[in-house]
$ cat run_37.cif   # mmCIF, C-alpha atoms and all ligand atoms
data_target
loop_
_atom_site.label_atom_id
_atom_site.label_comp_id
_atom_site.auth_asym_id
_atom_site.auth_seq_id
_atom_site.Cartn_x
_atom_site.Cartn_y
_atom_site.Cartn_z
CA MET H 24 0.00 0.00 0.00
CA ILE H 25 1.31 3.44 -0.91
CA PHE H 26 0.82 6.31 1.50
CA CYS H 27 1.00 9.83 0.10
CA ALA H 28 2.48 12.33 2.50
CA MET H 29 0.10 15.27 2.08
CA ALA H 30 0.95 18.44 3.96
CA SER H 31 -2.15 19.57 5.82
CA PRO H 32 -3.28 23.01 4.63
CA LYS H 33 -2.19 25.98 6.71
CA LEU H 34 -4.91 27.25 8.99
CA VAL H 35 -5.10 31.03 8.83
CA LEU H 36 -7.09 32.95 11.44
CA LEU H 37 -8.52 36.21 10.11
CA THR H 38 -9.75 38.67 12.73
CA GLY H 39 -11.93 41.66 11.86
CA ALA H 40 -13.30 39.52 9.03
CA ALA H 41 -16.65 41.33 9.00
CA GLY H 42 -15.01 44.67 8.30
CA ASN H 43 -14.13 46.55 5.15
CA VAL H 44 -10.61 45.16 4.73
CA GLY H 45 -11.59 41.84 6.27
CA GLN H 46 -14.38 41.04 3.84
CA THR H 47 -12.15 41.62 0.83
CA VAL H 48 -9.30 39.60 2.31
CA PHE H 49 -11.71 36.83 3.31
CA ALA H 50 -13.19 36.54 -0.18
CA GLY H 51 -9.77 36.72 -1.81
CA LEU H 52 -7.91 34.23 0.38
CA ARG H 53 -10.71 31.74 0.85
CA PRO H 54 -9.92 29.75 -2.30
CA ARG H 55 -6.25 29.41 -1.30
CA PHE H 56 -6.10 28.70 2.45
CA ALA H 57 -8.07 27.06 5.21
CA LEU H 58 -9.55 30.15 6.87
CA ARG H 59 -11.12 30.65 10.26
CA THR H 60 -12.67 34.03 11.00
CA PHE H 61 -13.16 35.97 14.21
CA ASP H 62 -15.16 39.12 14.82
CA ARG H 63 -17.52 40.55 17.39
CA VAL H 64 -20.30 40.72 14.80
CA SER H 65 -21.42 38.01 12.39
CA VAL H 66 -19.21 37.58 9.36
CA PRO H 67 -21.01 37.72 6.01
CA GLY H 68 -20.23 34.55 4.07
CA ASP H 69 -19.00 32.57 7.08
CA PRO H 70 -21.66 30.92 9.23
CA THR H 71 -18.89 29.14 11.18
CA ALA H 72 -17.15 32.35 12.27
CA HIS H 73 -15.94 32.59 15.84
CA LEU H 74 -17.86 35.46 17.42
CA GLY H 75 -16.35 37.24 20.39
CA ASP H 76 -14.67 40.34 21.65
CA LEU H 77 -10.92 40.85 21.42
CA ALA H 78 -10.92 41.80 25.08
CA ASP H 79 -12.39 38.39 25.99
CA ARG H 80 -9.32 36.20 26.51
CA ALA H 81 -11.22 32.90 26.49
CA ALA H 82 -12.90 33.73 23.17
CA VAL H 83 -9.55 34.74 21.70
CA GLU H 84 -7.93 31.49 22.88
CA ARG H 85 -10.66 29.42 21.25
CA ALA H 86 -10.23 31.28 17.98
CA VAL H 87 -6.45 30.97 17.98
CA ALA H 88 -6.22 27.24 18.78
CA GLY H 89 -4.61 25.31 15.94
CA ALA H 90 -3.85 28.32 13.74
CA ASP H 91 -0.52 28.51 11.90
CA THR H 92 -0.82 32.15 10.88
CA ILE H 93 -2.92 35.03 12.15
CA ILE H 94 -3.95 38.02 10.09
CA HIS H 95 -5.07 40.45 12.75
CA LEU H 96 -7.33 43.14 11.29
CA GLY H 97 -9.76 43.43 14.20
CA GLY H 98 -9.83 46.65 16.14
CA CYS H 99 -10.85 50.27 16.01
CA PRO H 100 -9.70 51.93 12.73
CA ARG H 101 -10.84 55.50 13.37
CA MET H 102 -8.41 58.41 13.16
CA ASP H 103 -10.64 60.50 15.43
CA ALA H 104 -11.08 57.76 18.04
CA ASP H 105 -10.91 58.65 21.72
CA PHE H 106 -8.08 56.78 23.42
CA MET H 107 -9.81 55.69 26.63
CA ARG H 108 -13.29 55.18 25.19
CA ASP H 109 -12.55 53.58 21.81
CA LEU H 110 -8.98 52.36 21.60
CA VAL H 111 -7.68 50.85 24.83
CA LYS H 112 -9.85 47.72 24.81
CA PRO H 113 -9.60 46.59 21.17
CA ASN H 114 -6.25 48.01 20.05
CA ILE H 115 -4.15 47.61 23.20
CA GLU H 116 -5.74 45.02 25.46
CA GLY H 117 -7.23 43.00 22.59
CA LEU H 118 -3.93 42.96 20.71
CA TRP H 119 -2.14 41.73 23.81
CA HIS H 120 -4.63 38.88 24.18
CA MET H 121 -4.17 37.91 20.55
CA LEU H 122 -0.38 37.92 20.77
CA GLU H 123 -0.16 36.13 24.08
CA ALA H 124 -2.75 33.51 23.08
CA ALA H 125 -0.98 33.08 19.74
CA ARG H 126 2.46 32.41 21.14
CA LEU H 127 1.08 30.03 23.80
CA ALA H 128 -0.76 28.14 21.04
CA GLY H 129 2.42 27.89 18.94
CA VAL H 130 1.33 30.21 16.12
CA LYS H 131 4.22 30.66 13.69
CA ARG H 132 3.41 33.99 12.09
CA PHE H 133 1.43 37.05 13.18
CA ILE H 134 0.41 39.63 10.57
CA PHE H 135 -0.70 42.89 12.15
CA ALA H 136 -2.81 45.59 10.48
CA SER H 137 -0.86 48.71 11.24
CA SER H 138 -1.46 52.09 9.68
CA CYS H 139 0.32 55.02 8.05
CA ASN H 140 -0.96 56.99 11.04
CA VAL H 141 2.15 55.74 12.85
CA ALA H 142 4.12 58.06 10.56
CA PHE H 143 1.80 60.79 9.21
CA GLY H 144 3.01 63.07 12.02
CA ALA H 145 6.23 63.54 10.04
CA ILE H 146 4.49 66.16 7.89
CA GLU H 147 7.79 67.65 6.71
CA ARG H 148 8.69 64.41 4.91
CA SER H 149 7.78 63.81 1.30
CA HIS H 150 8.58 60.10 1.58
CA LEU H 151 7.70 57.80 4.48
CA THR H 152 10.10 54.94 5.16
CA THR H 153 9.43 52.04 7.51
CA ASP H 154 11.64 53.57 10.19
CA THR H 155 9.50 56.73 10.23
CA VAL H 156 7.67 56.69 13.56
CA HIS H 157 5.75 59.86 14.32
CA ALA H 158 2.20 59.18 15.48
CA PHE H 159 -0.41 61.47 13.97
CA ASN H 160 -3.11 60.76 16.57
CA PRO H 161 -3.85 58.38 19.47
CA TYR H 162 -5.10 55.79 16.95
CA GLY H 163 -1.69 55.90 15.26
CA ALA H 164 -0.03 55.62 18.68
CA THR H 165 -1.88 52.34 19.31
CA LYS H 166 -0.42 51.05 16.05
CA VAL H 167 3.06 52.17 17.17
CA PHE H 168 2.46 50.12 20.30
CA GLY H 169 1.46 47.16 18.13
CA GLU H 170 4.64 47.36 16.07
CA ALA H 171 6.76 47.62 19.24
CA ILE H 172 5.09 44.82 21.18
CA GLY H 173 5.26 42.63 18.10
CA ARG H 174 9.00 43.19 17.97
CA TRP H 175 9.21 42.11 21.59
CA PHE H 176 7.21 38.93 20.92
CA PHE H 177 9.52 38.06 18.05
CA ASP H 178 12.69 38.79 20.03
CA THR H 179 11.47 36.88 23.08
CA TYR H 180 9.55 33.96 21.62
CA GLY H 181 10.58 33.82 17.96
CA MET H 182 7.00 34.26 16.69
CA GLU H 183 7.28 35.97 13.32
CA PHE H 184 5.62 39.36 13.20
CA LEU H 185 4.86 41.60 10.28
CA ALA H 186 3.34 45.06 10.67
CA VAL H 187 1.47 46.07 7.52
CA ARG H 188 1.01 49.82 7.34
CA ILE H 189 -2.08 49.71 5.18
CA GLY H 190 -2.65 52.71 2.92
CA TYR H 191 -6.10 54.07 2.04
CA PHE H 192 -8.44 51.15 1.40
CA ARG H 193 -12.16 51.59 0.79
CA GLY H 194 -12.88 48.52 -1.34
CA ILE H 195 -16.50 48.46 -2.41
CA TYR H 196 -16.92 52.00 -1.05
CA ASP H 197 -14.13 53.25 -3.31
CA ASP H 198 -14.54 56.47 -5.24
CA PRO H 199 -13.89 55.67 -8.93
CA ARG H 200 -12.54 59.21 -9.37
CA LEU H 201 -10.51 59.84 -6.27
CA ALA H 202 -10.16 63.56 -5.56
CA ASP H 203 -8.33 63.88 -2.25
CA PRO H 204 -4.59 64.30 -3.01
CA TRP H 205 -3.71 62.77 0.35
CA HIS H 206 -5.71 59.63 -0.37
CA ARG H 207 -4.28 59.46 -3.88
CA ARG H 208 -0.77 59.14 -2.45
CA ILE H 209 -1.61 56.08 -0.33
CA TRP H 210 -4.46 54.38 -2.20
CA LEU H 211 -4.69 50.59 -2.15
CA GLY H 212 -6.87 48.68 -4.59
CA SER H 213 -8.76 45.48 -3.79
CA ARG H 214 -6.71 43.25 -6.07
CA ASP H 215 -3.44 44.51 -4.63
CA LEU H 216 -4.80 44.17 -1.09
CA VAL H 217 -5.66 40.50 -1.60
CA ASN H 218 -2.37 39.81 -3.34
CA PHE H 219 -0.53 41.55 -0.52
CA PHE H 220 -2.10 39.47 2.24
CA ARG H 221 -1.68 36.28 0.23
CA LEU H 222 2.04 37.04 0.11
CA THR H 223 2.16 37.67 3.87
CA VAL H 224 1.00 34.07 4.38
CA GLU H 225 3.11 32.48 1.64
CA ALA H 226 6.40 34.37 1.99
CA PRO H 227 9.42 32.46 3.27
CA ARG H 228 10.44 33.19 6.85
CA PHE H 229 11.24 36.87 7.35
CA GLY H 230 11.40 37.16 11.15
CA TYR H 231 10.22 40.64 12.05
CA GLY H 232 9.29 43.34 9.59
CA ILE H 233 7.41 46.52 8.84
CA VAL H 234 5.97 47.12 5.38
CA TYR H 235 3.73 49.66 3.68
CA ALA H 236 0.87 48.43 1.51
CA CYS H 237 -0.38 50.61 -1.34
CA SER H 238 -0.95 50.38 -5.08
CA ARG H 239 0.89 52.39 -7.76
CA CYS H 240 0.47 55.92 -6.48
CA PRO H 241 1.98 59.24 -7.54
CA GLU H 242 5.04 60.61 -5.74
CA ASN H 243 6.03 57.27 -4.12
CA TYR H 244 5.08 58.71 -0.75
CA LEU H 245 5.11 55.26 0.87
CA ASP H 246 8.31 53.28 0.56
CA LEU H 247 7.53 49.82 -0.81
CA THR H 248 11.12 48.56 -0.62
CA SER H 249 10.63 46.28 2.38
CA ALA H 250 7.33 44.92 0.97
CA ARG H 251 9.22 44.00 -2.18
CA THR H 252 12.19 42.53 -0.30
CA LEU H 253 10.32 40.58 2.40
CA LEU H 254 7.26 39.53 0.42
CA GLY H 255 8.05 39.95 -3.27
CA TYR H 256 5.16 42.44 -3.53
CA ALA H 257 4.80 44.50 -6.69
CA PRO H 258 1.63 46.59 -7.05
CA GLU H 259 -0.45 45.97 -10.16
CA GLU H 260 -3.21 48.56 -9.76
CA GLU H 261 -2.97 52.25 -10.54
CA VAL H 262 -4.61 54.93 -8.42
CA PRO H 263 -7.98 55.94 -10.03
CA PRO H 264 -7.98 59.00 -12.27
CA ALA H 265 -8.50 62.34 -10.54
CA PRO H 266 -11.75 64.14 -11.36
CA LEU H 267 -11.48 66.89 -13.96
CA SER H 268 -11.55 70.24 -12.19
N1 LIG G 301 -9.26 50.66 5.70
C1 LIG G 301 -8.10 51.28 5.72
O1 LIG G 301 -7.85 52.13 4.85
C2 LIG G 301 -7.07 50.99 6.80
C3 LIG G 301 -5.87 51.70 6.74
C4 LIG G 301 -4.90 51.43 7.71
C5 LIG G 301 -5.12 50.46 8.66
N2 LIG G 301 -6.31 49.80 8.71
C6 LIG G 301 -6.48 48.79 9.77
O2 LIG G 301 -7.02 47.61 9.19
C7 LIG G 301 -7.93 46.99 10.10
C8 LIG G 301 -9.30 46.83 9.44
O3 LIG G 301 -9.78 48.12 9.08
P1 LIG G 301 -11.21 48.30 8.37
O4 LIG G 301 -11.12 49.54 7.56
O5 LIG G 301 -11.62 47.03 7.74
O6 LIG G 301 -12.10 48.60 9.64
P2 LIG G 301 -13.57 48.05 9.97
O7 LIG G 301 -14.07 48.87 11.10
O8 LIG G 301 -14.38 47.99 8.72
O9 LIG G 301 -13.27 46.56 10.46
C9 LIG G 301 -12.79 46.28 11.76
C10 LIG G 301 -13.41 45.00 12.22
O10 LIG G 301 -12.93 44.73 13.53
C11 LIG G 301 -14.02 44.30 14.32
N3 LIG G 301 -13.78 44.66 15.72
C12 LIG G 301 -13.65 45.91 16.22
N4 LIG G 301 -13.51 45.86 17.54
C13 LIG G 301 -13.55 44.55 17.90
C14 LIG G 301 -13.47 43.87 19.13
N5 LIG G 301 -13.33 44.53 20.28
N6 LIG G 301 -13.55 42.53 19.12
C15 LIG G 301 -13.71 41.84 17.97
N7 LIG G 301 -13.79 42.44 16.76
C16 LIG G 301 -13.72 43.78 16.73
C17 LIG G 301 -15.23 45.05 13.78
O11 LIG G 301 -16.46 44.40 14.11
C18 LIG G 301 -14.94 45.08 12.29
O12 LIG G 301 -15.52 43.99 11.62
C19 LIG G 301 -7.95 47.86 11.34
O13 LIG G 301 -7.05 47.32 12.29
C20 LIG G 301 -7.45 49.21 10.85
O14 LIG G 301 -6.82 49.94 11.89
C21 LIG G 301 -7.29 50.04 7.79
#

$ encode --input "run_37.cif" --output "structure tokens"
Amino acid sequence: MIFCAMASPKLVLLTGAAGNVGQTVFAGLRPRFALRTFDRVSVPGDPTAHLGDLADRAAVERAVAGADTIIHLGGCPRMDADFMRDLVKPNIEGLWHMLEAARLAGVKRFIFASSCNVAFGAIERSHLTTDTVHAFNPYGATKVFGEAIGRWFFDTYGMEFLAVRIGYFRGIYDDPRLADPWHRRIWLGSRDLVNFFRLTVEAPRFGYGIVYACSRCPENYLDLTSARTLLGYAPEEEVPPAPLS
């Protein structure tokens, strides 16, 4: 009798799967990986989603069990969020639970949705590199915390950690003629988004890293060098045409 050694598919946990980024990533990665989703609200398209709050450690532990890789999108994404009211629970406490539960469960790789708000405070700079850290608001400061605590988890426990400073993603809510010059410099299309997160799962071991994620945008405001080096990412989409004035 011949036994075929089949590698079991990687189990990827996707948090924030009901959200704007999460729904696009979920639909795009579903055909390629075994996906489990987690959110505090029901996840369209996934009746088996784990429902719970990031601040609920037991719910987080159940969601994390058996995962190889975590794509952590869950949290508060608002630039105008109030630190104590909106951010502490999901973005600080919830992130800690995810990381701690992940390393105890033996998760190999943790992909963290960071933001350009960690660096937008450097308003004098015409080009943001991955070592630019200048929080623009308390929301951005929670993402700085995420990048720093992720470094510590990698240094201490060897769990790979990648901070993805996501550009401007609106997906199905996208404006086909994007007017805001700020948004035009950091725009990320749906196809590039999916491709980007696919690469974060498939890339060979990179250890710890910070990358920007955007499509082909004018002025190269966001430095894509580390995304290219660590993941092999090359954007395919072009920022939508500006409206005629
Ligand atoms: N959309 C962008 O342009 C953008 C840019 C930079 C970074 N990000 C980051 O990407 C991630 C997703 O952003 P989005 O635009 O899809 O936001 P979103 O608000 O549409 O999605 C966030 C998801 O997280 C879930 N969530 C929030 N708090 C939770 C909690 N306490 N417990 C469990 N689930 C919780 C929400 O239910 C929601 O489904 C966020 O971490 C955000 O900071 C987004």

$ closest_atom_pairs --input "run_37.cif" --of "chain H" --to "ligand LIG 301 (chain G)" --cutoff "6 Å" --atoms "only C-alpha atoms and all ligand atoms" --output "JSON lines"
{"residue": "H:Gly39", "atom": "CA", "partner": "G:LIG301", "partner_atom": "O10", "distance": 3.6}
{"residue": "H:Ala40", "atom": "CA", "partner": "G:LIG301", "partner_atom": "O12", "distance": 5.6}
{"residue": "H:Ala41", "atom": "CA", "partner": "G:LIG301", "partner_atom": "O12", "distance": 3.9}
{"residue": "H:Gly42", "atom": "CA", "partner": "G:LIG301", "partner_atom": "O9", "distance": 3.4}
{"residue": "H:Asn43", "atom": "CA", "partner": "G:LIG301", "partner_atom": "O5", "distance": 3.6}
{"residue": "H:Val44", "atom": "CA", "partner": "G:LIG301", "partner_atom": "O5", "distance": 3.7}
{"residue": "H:Gly45", "atom": "CA", "partner": "G:LIG301", "partner_atom": "O5", "distance": 5.4}
{"residue": "H:Asp62", "atom": "CA", "partner": "G:LIG301", "partner_atom": "N7", "distance": 4.1}
{"residue": "H:Arg63", "atom": "CA", "partner": "G:LIG301", "partner_atom": "C15", "distance": 4.1}
{"residue": "H:Val64", "atom": "CA", "partner": "G:LIG301", "partner_atom": "O11", "distance": 5.4}
{"residue": "H:Gly75", "atom": "CA", "partner": "G:LIG301", "partner_atom": "C15", "distance": 5.8}
{"residue": "H:Asp76", "atom": "CA", "partner": "G:LIG301", "partner_atom": "N6", "distance": 3.5}
{"residue": "H:Leu77", "atom": "CA", "partner": "G:LIG301", "partner_atom": "N6", "distance": 3.9}
{"residue": "H:Leu96", "atom": "CA", "partner": "G:LIG301", "partner_atom": "C7", "distance": 4.1}
{"residue": "H:Gly97", "atom": "CA", "partner": "G:LIG301", "partner_atom": "O10", "distance": 3.5}
{"residue": "H:Gly98", "atom": "CA", "partner": "G:LIG301", "partner_atom": "C12", "distance": 3.9}
{"residue": "H:Cys99", "atom": "CA", "partner": "G:LIG301", "partner_atom": "C12", "distance": 5.2}
{"residue": "H:Pro100", "atom": "CA", "partner": "G:LIG301", "partner_atom": "O14", "distance": 3.6}
{"residue": "H:Pro113", "atom": "CA", "partner": "G:LIG301", "partner_atom": "N5", "distance": 4.4}
{"residue": "H:Ala136", "atom": "CA", "partner": "G:LIG301", "partner_atom": "O2", "distance": 4.8}
{"residue": "H:Ser137", "atom": "CA", "partner": "G:LIG301", "partner_atom": "C5", "distance": 5.3}
{"residue": "H:Ser138", "atom": "CA", "partner": "G:LIG301", "partner_atom": "C4", "distance": 4.0}
{"residue": "H:Ile189", "atom": "CA", "partner": "G:LIG301", "partner_atom": "C4", "distance": 4.2}
{"residue": "H:Gly190", "atom": "CA", "partner": "G:LIG301", "partner_atom": "C3", "distance": 5.1}
{"residue": "H:Tyr191", "atom": "CA", "partner": "G:LIG301", "partner_atom": "O1", "distance": 3.8}
{"residue": "H:Phe192", "atom": "CA", "partner": "G:LIG301", "partner_atom": "O1", "distance": 3.6}
{"residue": "H:Arg193", "atom": "CA", "partner": "G:LIG301", "partner_atom": "N1", "distance": 5.8}

$ closest_residue --input "run_37.cif" --among "H:Glu116, H:Glu123, H:Glu242, H:Asp91" --to "Gly173 in chain H" --atoms "only C-alpha atoms"
H:Glu123

$ atom_distance --input "run_37.cif" --atom1 "CA of Ala265 in chain H" --atom2 "CA of Arg214 in chain H"
19.7 Å

$ atom_distance --input "run_37.cif" --atom1 "CA of Cys237 in chain H" --atom2 "CA of Arg207 in chain H"
10.0 Å

$ residues_around --input "run_37.cif" --residues "Pro258 in chain H" --least-positions-apart "4" --cutoff "7 Å" --atoms "only C-alpha atoms" --output "PyMOL selection string"
chain H and resi 215+238-239

$ closest_residue --input "run_37.cif" --among "H:Val167, H:Leu151, H:Leu37, H:Leu216" --to "Tyr244 in chain H" --atoms "all atoms listed in the file"
H:Leu151

$ residues_near_point --input "run_37.cif" --point "(3.4, 46.8, 17.6)" --cutoff "12 Å" --atoms "all atoms listed in the file" --output "PyMOL selection string"
chain H and resi 95+114-115+118-119+122+133-138+141+156+163-177+184-188+231-233

$ residues_around --input "run_37.cif" --residues "Pro54 in chain H" --least-positions-apart "5" --cutoff "12 Å" --atoms "all atoms listed in the file" --output "ChimeraX atom specification"
/H:32,48-49,217,221

$ atom_distance --input "run_37.cif" --atom1 "CA of Arg228 in chain H" --atom2 "CA of Thr60 in chain H"
23.5 Å

$ residues_near_point --input "run_37.cif" --point "(-2.7, 29.0, 18.8)" --cutoff "8 Å" --atoms "all atoms listed in the file" --output "JSON, numbers by chain"
{"H": [84, 86, 87, 88, 89, 90, 91, 124, 125, 126, 127, 128, 129, 130]}

$ closest_residue --input "run_37.cif" --among "H:Cys139, H:Val234, H:Leu267, H:Ile146" --to "Ile209 in chain H" --atoms "all atoms listed in the file"
H:Cys139

$ closest_residue --input "run_37.cif" --among "H:Pro264, H:Thr153, H:Thr248, H:Gly68" --to "Ala202 in chain H" --atoms "all atoms listed in the file"
H:Pro264

$ residues_around --input "run_37.cif" --residues "Pro227 in chain H" --least-positions-apart "4" --cutoff "10 Å" --atoms "all atoms listed in the file" --output "PyMOL selection string"
chain H and resi 222-223+253-254

$ decode --input "run_37.cif" --residues "range 119-140 of chain H" --atoms "N, CA and C atoms" --output "CSV table (one decimal), in the first residue's frame"
chain,number,residue,atom,x,y,z
H,119,TRP,N,-2.9,42.5,22.9
H,119,TRP,CA,-2.1,41.7,23.8
H,119,TRP,C,-2.7,40.3,23.9
H,120,HIS,N,-4.0,40.2,24.1
H,120,HIS,CA,-4.6,38.9,24.2
H,120,HIS,C,-4.3,38.0,22.9
H,121,MET,N,-4.4,38.7,21.8
H,121,MET,CA,-4.2,37.9,20.6
H,121,MET,C,-2.7,37.4,20.5
H,122,LEU,N,-1.8,38.3,20.8
H,122,LEU,CA,-0.4,37.9,20.8
H,122,LEU,C,0.0,36.8,21.8
H,123,GLU,N,-0.5,37.1,23.0
H,123,GLU,CA,-0.2,36.1,24.1
H,123,GLU,C,-0.8,34.8,23.8
H,124,ALA,N,-2.1,34.8,23.4
H,124,ALA,CA,-2.7,33.5,23.1
H,124,ALA,C,-2.0,32.8,21.9
H,125,ALA,N,-1.6,33.6,20.9
H,125,ALA,CA,-1.0,33.1,19.7
H,125,ALA,C,0.3,32.4,20.1
H,126,ARG,N,1.2,33.0,20.9
H,126,ARG,CA,2.5,32.4,21.1
H,126,ARG,C,2.3,31.2,22.0
H,127,LEU,N,1.3,31.2,23.0
H,127,LEU,CA,1.1,30.0,23.8
H,127,LEU,C,0.5,28.9,23.0
H,128,ALA,N,-0.2,29.2,21.9
H,128,ALA,CA,-0.8,28.1,21.0
H,128,ALA,C,0.2,27.7,20.0
H,129,GLY,N,1.4,28.3,19.9
H,129,GLY,CA,2.4,27.9,18.9
H,129,GLY,C,2.2,28.5,17.5
H,130,VAL,N,1.5,29.6,17.4
H,130,VAL,CA,1.3,30.2,16.1
H,130,VAL,C,2.7,30.6,15.6
H,131,LYS,N,2.9,30.4,14.3
H,131,LYS,CA,4.2,30.7,13.7
H,131,LYS,C,4.4,32.1,13.2
H,132,ARG,N,3.3,32.7,12.7
H,132,ARG,CA,3.4,34.0,12.1
H,132,ARG,C,2.2,34.9,12.4
H,133,PHE,N,2.5,36.1,12.8
H,133,PHE,CA,1.4,37.0,13.2
H,133,PHE,C,1.5,38.3,12.3
H,134,ILE,N,0.5,38.5,11.5
H,134,ILE,CA,0.4,39.6,10.6
H,134,ILE,C,-0.5,40.7,11.2
H,135,PHE,N,0.0,41.9,11.4
H,135,PHE,CA,-0.7,42.9,12.2
H,135,PHE,C,-1.1,44.1,11.2
H,136,ALA,N,-2.4,44.4,11.3
H,136,ALA,CA,-2.8,45.6,10.5
H,136,ALA,C,-2.4,46.9,11.2
H,137,SER,N,-1.3,47.4,10.7
H,137,SER,CA,-0.9,48.7,11.2
H,137,SER,C,-1.4,49.8,10.3
H,138,SER,N,-0.9,51.0,10.4
H,138,SER,CA,-1.5,52.1,9.7
H,138,SER,C,-0.4,53.1,9.4
H,139,CYS,N,-0.6,53.9,8.3
H,139,CYS,CA,0.3,55.0,8.0
H,139,CYS,C,0.2,56.1,9.1
H,140,ASN,N,-0.8,56.0,10.0
H,140,ASN,CA,-1.0,57.0,11.0
H,140,ASN,C,0.2,56.9,12.1
